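Below is one structure; the comments refer to it alone.
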Amino acid sequence: MPPRRVITGRSQEPRQRFTEELRSLRAAKGDSLRELGDKVGWDWSLFGKMENGHTLGSPEVVQALDQYYETPGLLLALWELAMADPTQFKERYRRYMVLEAGAVSMWQYAPSLLPGLLQTPGYARELLMEGGLKGDELEAQVEARVGRREALLRDDPPQFRAIISEAVLRSPLEEPDEWQAQLEYLDMMGHRLNITIQVLPSSAGLHALSNTDTMLLRGADGQTVAWIETGYSGELVQESAAVERLQLRYDRVRDAALTPDLSRQFIERMLEEAPCEPLT
């Protein structure tokens, strides 16, 4: 197939295309960043970061810009494409991110960390900081991780079942308010019709996935693949017999987990017991 002919001269890379459109629209209006902030009602520095590609912003701010620029839906559509762009992730994860974005069903077992699809910005930030990220790179990766949640919130979301080890819920964040926000978010997401959350109690004992974070993805074509990960590496598993073995192990973990209702009660109990910021 011949390469796509570029007609507009604009970037074909989603994130760069989004930032180019932001700069072009502001230039056409003749606004400075401060003037734009005053007129739209958001901090002008946020618009500067968006135009420089340091952040994509939220759907609310993008919708506000669409309204101000009288471009109904254009910027939001470009924002959605940018949020789904796998190049925002580290190269070794990009193939997996493409598969995750196209999945119709997902099943995950999380032995040591909350699933990325269920993390708040506070949880993701502390975790990525522990991995050595900082500055703009840290914020970009936090945004990329949190952006993955949008797939679970769309009008036609995939089905997602997450089995979370009790140990994960007993490993709080450094900041009590961030940990409480994470538990509240987990509880809220567990009430969605397309999301099932189960807790695997410590009393369940050893099992075949004790040290392996496992995600099973079924695509629109009916094929199921798996992604297995440790703290240092990840592997995409596509061979059908190997995927079947992982599916069997996952099913056994699910059988040992608390029911969704009991799991919800467990999470709400953890929320009640979570430490709060001291009053001053």
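A note on labels: chains of the structure tokens are A, B, ... as shown, every chain counts residues from 1, and ligands are counted from 1 in their shown order.
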
Exercise for the section: Compile the contact shell of Asp177 of chain A as a ChimeraX atom specification: residues with an atom at most 12 Å away, counting only C-alpha atoms, same-chain residues fewer than 2 positions apart removed. Expected result: /A:120,122-123,172-175,179-184,271,274-278

Handout entry: Sel. of alpha helix (DSSP H) residues, segment 36-240 of chain A, as a ChimeraX atom specification
Key = /A:36-40,44-51,59-69,74-83,94-101,121-130,135-147,150-153,166-169,176-189,240

Handout entry: Shell around segment 27-29 of chain A at 12 Å using only C-alpha atoms, local window under 2 positions removed, as a list in words
Key =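 Counting only the stated atoms, we get Glu20, Glu21, Leu22, Arg23, Ser24, Leu25, Asp31, Ser32, Leu33, Glu35, Leu36, Lys39, Glu51, Leu65, Tyr68, Tyr69 and Glu70 of chain A.
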
Practice task
Rounded to one decimal place, report the atom CA of Arg269 of chain A-atom CA of Val199 of chain A distance in Å.
Solution key: 12.4 Å

Exercise for the section: Report as a list in words: the residues of segment 171-254 of chain A with a DSSP assignment of strand (DSSP E), based on the backbone of this structure. Expected result: Ile195, Thr196, Ile197, Gln198, Val199, Leu200, Asp213, Thr214, Met215, Leu216, Leu217, Arg218, Gly219, Thr224, Val225, Ala226, Trp227, Ile228, Glu229, Gly234, Glu235, Leu236 and Val237 of chain A
